[in-house]
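What follows is the content of model.txt, which has compact mmCIF, C-alpha atoms:
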```txt
# COMPACT_ATOMS: atom_id res chain seq x y z
CA GLU G 270 -9.66 0.92 -3.58
CA LYS G 271 -8.50 -1.41 -0.82
CA ILE G 272 -5.40 -3.57 -1.12
CA GLY G 273 -5.94 -7.29 -0.62
CA LYS G 274 -5.40 -8.44 2.94
CA THR G 275 -3.20 -11.37 3.71
CA ASN G 276 -4.51 -14.16 5.91
CA VAL G 277 -1.13 -14.71 7.50
CA LEU G 278 0.29 -13.08 10.60
CA SER G 279 1.76 -9.63 10.23
CA ARG G 280 5.26 -9.70 8.79
CA ILE G 281 6.29 -7.46 11.68
CA SER G 282 4.89 -9.87 14.27
CA THR G 283 6.97 -12.71 12.78
CA LEU G 284 10.06 -10.85 13.98
CA THR G 285 11.40 -11.67 17.41
CA SER G 286 11.32 -8.96 20.05
CA ASN G 287 15.06 -8.46 19.61
CA GLU G 288 14.71 -8.19 15.82
CA ARG G 289 11.97 -5.57 16.25
CA GLU G 290 14.22 -3.56 18.60
CA ILE G 291 17.06 -3.69 16.08
CA LEU G 292 14.72 -2.69 13.24
CA VAL G 293 13.43 0.30 15.21
CA ASP G 294 17.00 1.36 16.07
CA GLU G 295 18.11 1.11 12.43
CA LEU G 296 15.08 3.05 11.16
CA VAL G 297 15.53 5.74 13.82
CA LYS G 298 19.26 6.13 13.08
CA ALA G 299 18.55 6.47 9.37
CA SER G 300 15.66 8.90 9.90
CA VAL G 301 17.67 11.15 12.22
CA GLU G 302 20.64 11.25 9.82
CA LEU G 303 18.39 11.90 6.81
CA SER G 304 16.74 14.69 8.80
CA LYS G 305 20.11 16.29 9.65
CA THR G 306 21.10 16.39 5.99
CA GLN G 307 17.58 17.33 4.84
CA THR G 308 17.51 14.32 2.57
CA GLY G 309 13.94 13.53 1.59
CA ALA G 310 12.79 10.00 2.33
CA LEU G 311 9.69 7.82 2.32
CA ILE G 312 10.08 4.53 4.23
CA THR G 313 7.08 2.22 4.44
CA ILE G 314 6.94 -0.65 6.91
CA GLU G 315 4.69 -3.40 5.58
CA ARG G 316 2.36 -4.95 8.12
CA THR G 317 -0.51 -7.38 7.39
CA ASP G 318 -1.56 -5.84 4.06
CA ASP G 319 0.60 -7.17 1.25
CA LEU G 320 2.33 -4.40 -0.75
CA SER G 321 3.64 -6.73 -3.48
CA SER G 322 1.44 -5.15 -6.13
CA TYR G 323 3.10 -1.77 -5.54
CA MET G 324 6.55 -3.32 -5.71
CA GLN G 325 5.70 -5.10 -8.97
CA LYS G 326 4.24 -1.99 -10.62
CA SER G 327 6.99 0.50 -9.94
CA GLY G 328 9.63 -0.79 -7.57
CA THR G 329 13.16 -2.05 -7.89
CA LYS G 330 13.87 -5.18 -5.88
CA VAL G 331 16.56 -4.64 -3.24
CA ASN G 332 16.23 -7.60 -0.83
CA ALA G 333 18.87 -6.46 1.67
CA PRO G 334 19.02 -6.07 5.46
CA VAL G 335 17.79 -2.74 6.85
CA THR G 336 20.77 -0.57 7.77
CA PRO G 337 21.03 3.20 8.15
CA GLU G 338 23.84 3.24 5.59
CA LEU G 339 21.72 1.48 2.98
CA LEU G 340 18.74 3.78 3.56
CA GLU G 341 20.95 6.88 3.41
CA THR G 342 22.44 5.64 0.13
CA ILE G 343 19.05 4.84 -1.37
CA PHE G 344 17.70 8.32 -0.64
CA TYR G 345 20.86 10.23 -1.59
CA LYS G 346 19.72 12.70 -4.24
CA GLY G 347 20.77 11.66 -7.70
CA THR G 348 20.84 7.92 -7.10
CA PRO G 349 18.45 5.90 -9.27
CA LEU G 350 16.37 4.72 -6.29
CA HIS G 351 15.95 8.03 -4.41
CA ASP G 352 12.55 8.91 -5.85
CA GLY G 353 9.56 7.09 -4.46
CA ALA G 354 9.25 4.93 -1.37
CA THR G 355 11.29 2.13 0.10
CA ILE G 356 9.27 -0.79 1.45
CA ILE G 357 10.48 -2.68 4.50
CA ARG G 358 9.16 -6.25 4.73
CA GLY G 359 10.05 -7.86 8.05
CA ASN G 360 13.60 -6.65 8.65
CA THR G 361 14.53 -6.43 4.96
CA VAL G 362 14.55 -3.59 2.46
CA ALA G 363 12.33 -5.36 -0.05
CA SER G 364 12.02 -2.70 -2.75
CA SER G 365 12.81 0.93 -3.52
CA ALA G 366 11.59 3.52 -6.03
CA VAL G 367 8.01 2.45 -5.35
CA PHE G 368 5.26 4.93 -6.16
CA TYR G 369 1.91 5.31 -4.37
CA GLN G 370 -1.29 7.05 -5.38
CA PRO G 371 -1.30 10.32 -3.40
CA THR G 372 -4.20 11.24 -1.18
CA GLN G 373 -7.02 13.00 -2.99
CA ARG G 374 -8.39 14.72 0.08
CA PRO G 375 -7.65 18.39 0.72
CA LEU G 376 -4.94 18.98 3.32
CA ASN G 377 -4.40 22.02 5.52
CA GLY G 378 -0.95 23.46 4.98
CA LYS G 379 1.67 22.95 2.30
CA TYR G 380 2.52 19.32 1.71
CA GLY G 381 4.67 17.93 -1.06
CA SER G 382 4.39 14.74 -3.05
CA ARG G 383 6.14 12.59 -0.39
CA HIS G 384 3.67 13.56 2.31
CA ARG G 385 0.68 13.15 -0.01
CA ALA G 386 1.91 9.72 -1.14
CA ALA G 387 2.49 8.62 2.47
CA ILE G 388 -1.01 9.67 3.47
CA GLY G 389 -2.38 8.00 0.33
CA ILE G 390 -0.84 4.60 1.11
CA SER G 391 -1.97 4.84 4.73
CA GLU G 392 -5.55 5.40 3.57
CA VAL G 393 -5.67 2.05 1.73
CA CYS G 394 -3.61 -0.26 3.95
CA ASP G 395 -2.23 -0.76 7.45
CA ALA G 396 1.40 0.15 6.59
CA LEU G 397 3.34 2.54 8.80
CA THR G 398 5.35 5.13 6.84
CA ILE G 399 8.18 7.45 7.89
CA ILE G 400 8.55 10.69 5.92
CA VAL G 401 11.59 12.97 6.02
CA SER G 402 11.03 16.37 4.42
CA GLU G 403 13.83 17.51 2.15
CA GLU G 404 12.71 21.14 2.57
CA THR G 405 12.68 21.24 6.37
CA GLY G 406 14.26 18.01 7.60
CA LYS G 407 11.14 17.40 9.70
CA VAL G 408 10.19 13.80 10.37
CA SER G 409 6.60 12.54 10.28
CA VAL G 410 4.78 9.23 10.36
CA THR G 411 1.57 8.22 8.62
CA TYR G 412 -0.78 5.51 9.80
CA LYS G 413 -4.48 4.97 9.11
CA GLY G 414 -4.72 8.15 7.03
CA GLU G 415 -3.18 10.39 9.68
CA LEU G 416 0.02 12.42 9.39
CA ILE G 417 1.82 12.80 12.72
CA SER G 418 4.83 15.11 13.00
CA ILE G 419 7.48 13.89 15.46
CA PRO G 420 10.27 16.18 16.73
CA VAL G 421 13.70 14.76 15.84
CA ALA G 422 14.88 15.19 19.44
CA SER G 423 12.25 12.72 20.65
CA PHE G 424 11.90 10.63 17.48
CA LYS G 425 13.31 7.42 18.91
CA GLU G 426 10.93 7.30 21.89
CA LYS G 427 7.88 8.49 19.94
CA PHE G 428 8.48 6.27 16.92
CA LYS G 429 9.05 3.23 19.13
CA GLU G 430 5.78 3.93 20.98
CA PHE G 431 3.95 4.42 17.69
CA TYR G 432 5.52 1.33 16.09
CA ILE G 433 4.55 -0.85 19.05
CA ALA G 434 1.03 0.64 19.28
CA SER G 435 0.46 0.13 15.55
CA GLN G 436 1.08 -3.62 15.95
CA LYS G 437 -1.99 -4.06 18.14
```

So that I can check it, write out the structure of this file as structure tokens.
Amino acid sequence: EKIGKTNVLSRISTLTSNEREILVDELVKASVELSKTQTGALITIERTDDLSSYMQKSGTKVNAPVTPELLETIFYKGTPLHDGATIIRGNTVASSAVFYQPTQRPLNGKYGSRHRAAIGISEVCDALTIIVSEETGKVSVTYKGELISIPVASFKEKFKEFYIASQK
């Protein structure tokens, strides 16, 4: 099932170049810190496909600026919003505790529900999702049905490249 496409420009492309740089920096800082503490996280960056239906079905509206501190608090184990995904719309945390249909395809290796959900959402829309494993602290990205592991030491450079490439 394919999510409805919007006919407007990508929410990411409506950001200025400086706003995009700041967003990348904030997401990288949060991802690196979450990795260090092995705090599981699923952060989806909305692009042209509208994710409102997911937010309405299972999410909790947040509507706050993206900051590492906010993302670390959201994913802190035991908080009400830590399960599920957080959706970034533009440079705002739009919603948290959002659940996606996990991929149904067989995967090589052992992947938990976060990874399967991230692959699942990337199979039905053009969102870019960051996954932090709570078991290993490893950081990955999903886009267009692919799961790409990125070493923490080079996450900033690799994520920035991937983020920019995914906008084309």

Checklist entry - Any idea what the distance is between CA of Ala422 (chain G) and CA of Gly389 (chain G)? => result 26.7 Å

Item to check | Selection near Pro334 (chain G), 12 Å with all atoms listed in the file, sequence-local residues under 2 positions removed, as an MDAnalysis selection string | outcome: chainID G and resid 288 291:292 295:296 331:332 336:340 356:364

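If all atoms listed in the file are the atoms counted, then among G:Val393, G:Met324, G:Ala333, G:Leu311 the closest residue to Lys413 (chain G) is G:Val393.
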
Item to check | Selection: 9 Å around Glu415 (chain G), all atoms listed in the file, excl. self and same-chain fewer than 2 positions, as an MDAnalysis selection string | outcome: chainID G and resid 388 391:392 410:413 417

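The smallest atom-to-atom distance between Lys346 (chain G) and any of G:Ser300, G:Val421, G:Gly414, G:Thr308, using all atoms listed in the file, is found for G:Thr308.
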
Item to check | Residue nearest Ile343 (chain G) - candidates G:Phe428, G:Leu303, G:Lys379, G:Lys326, atoms counted: all atoms listed in the file | outcome: G:Leu303
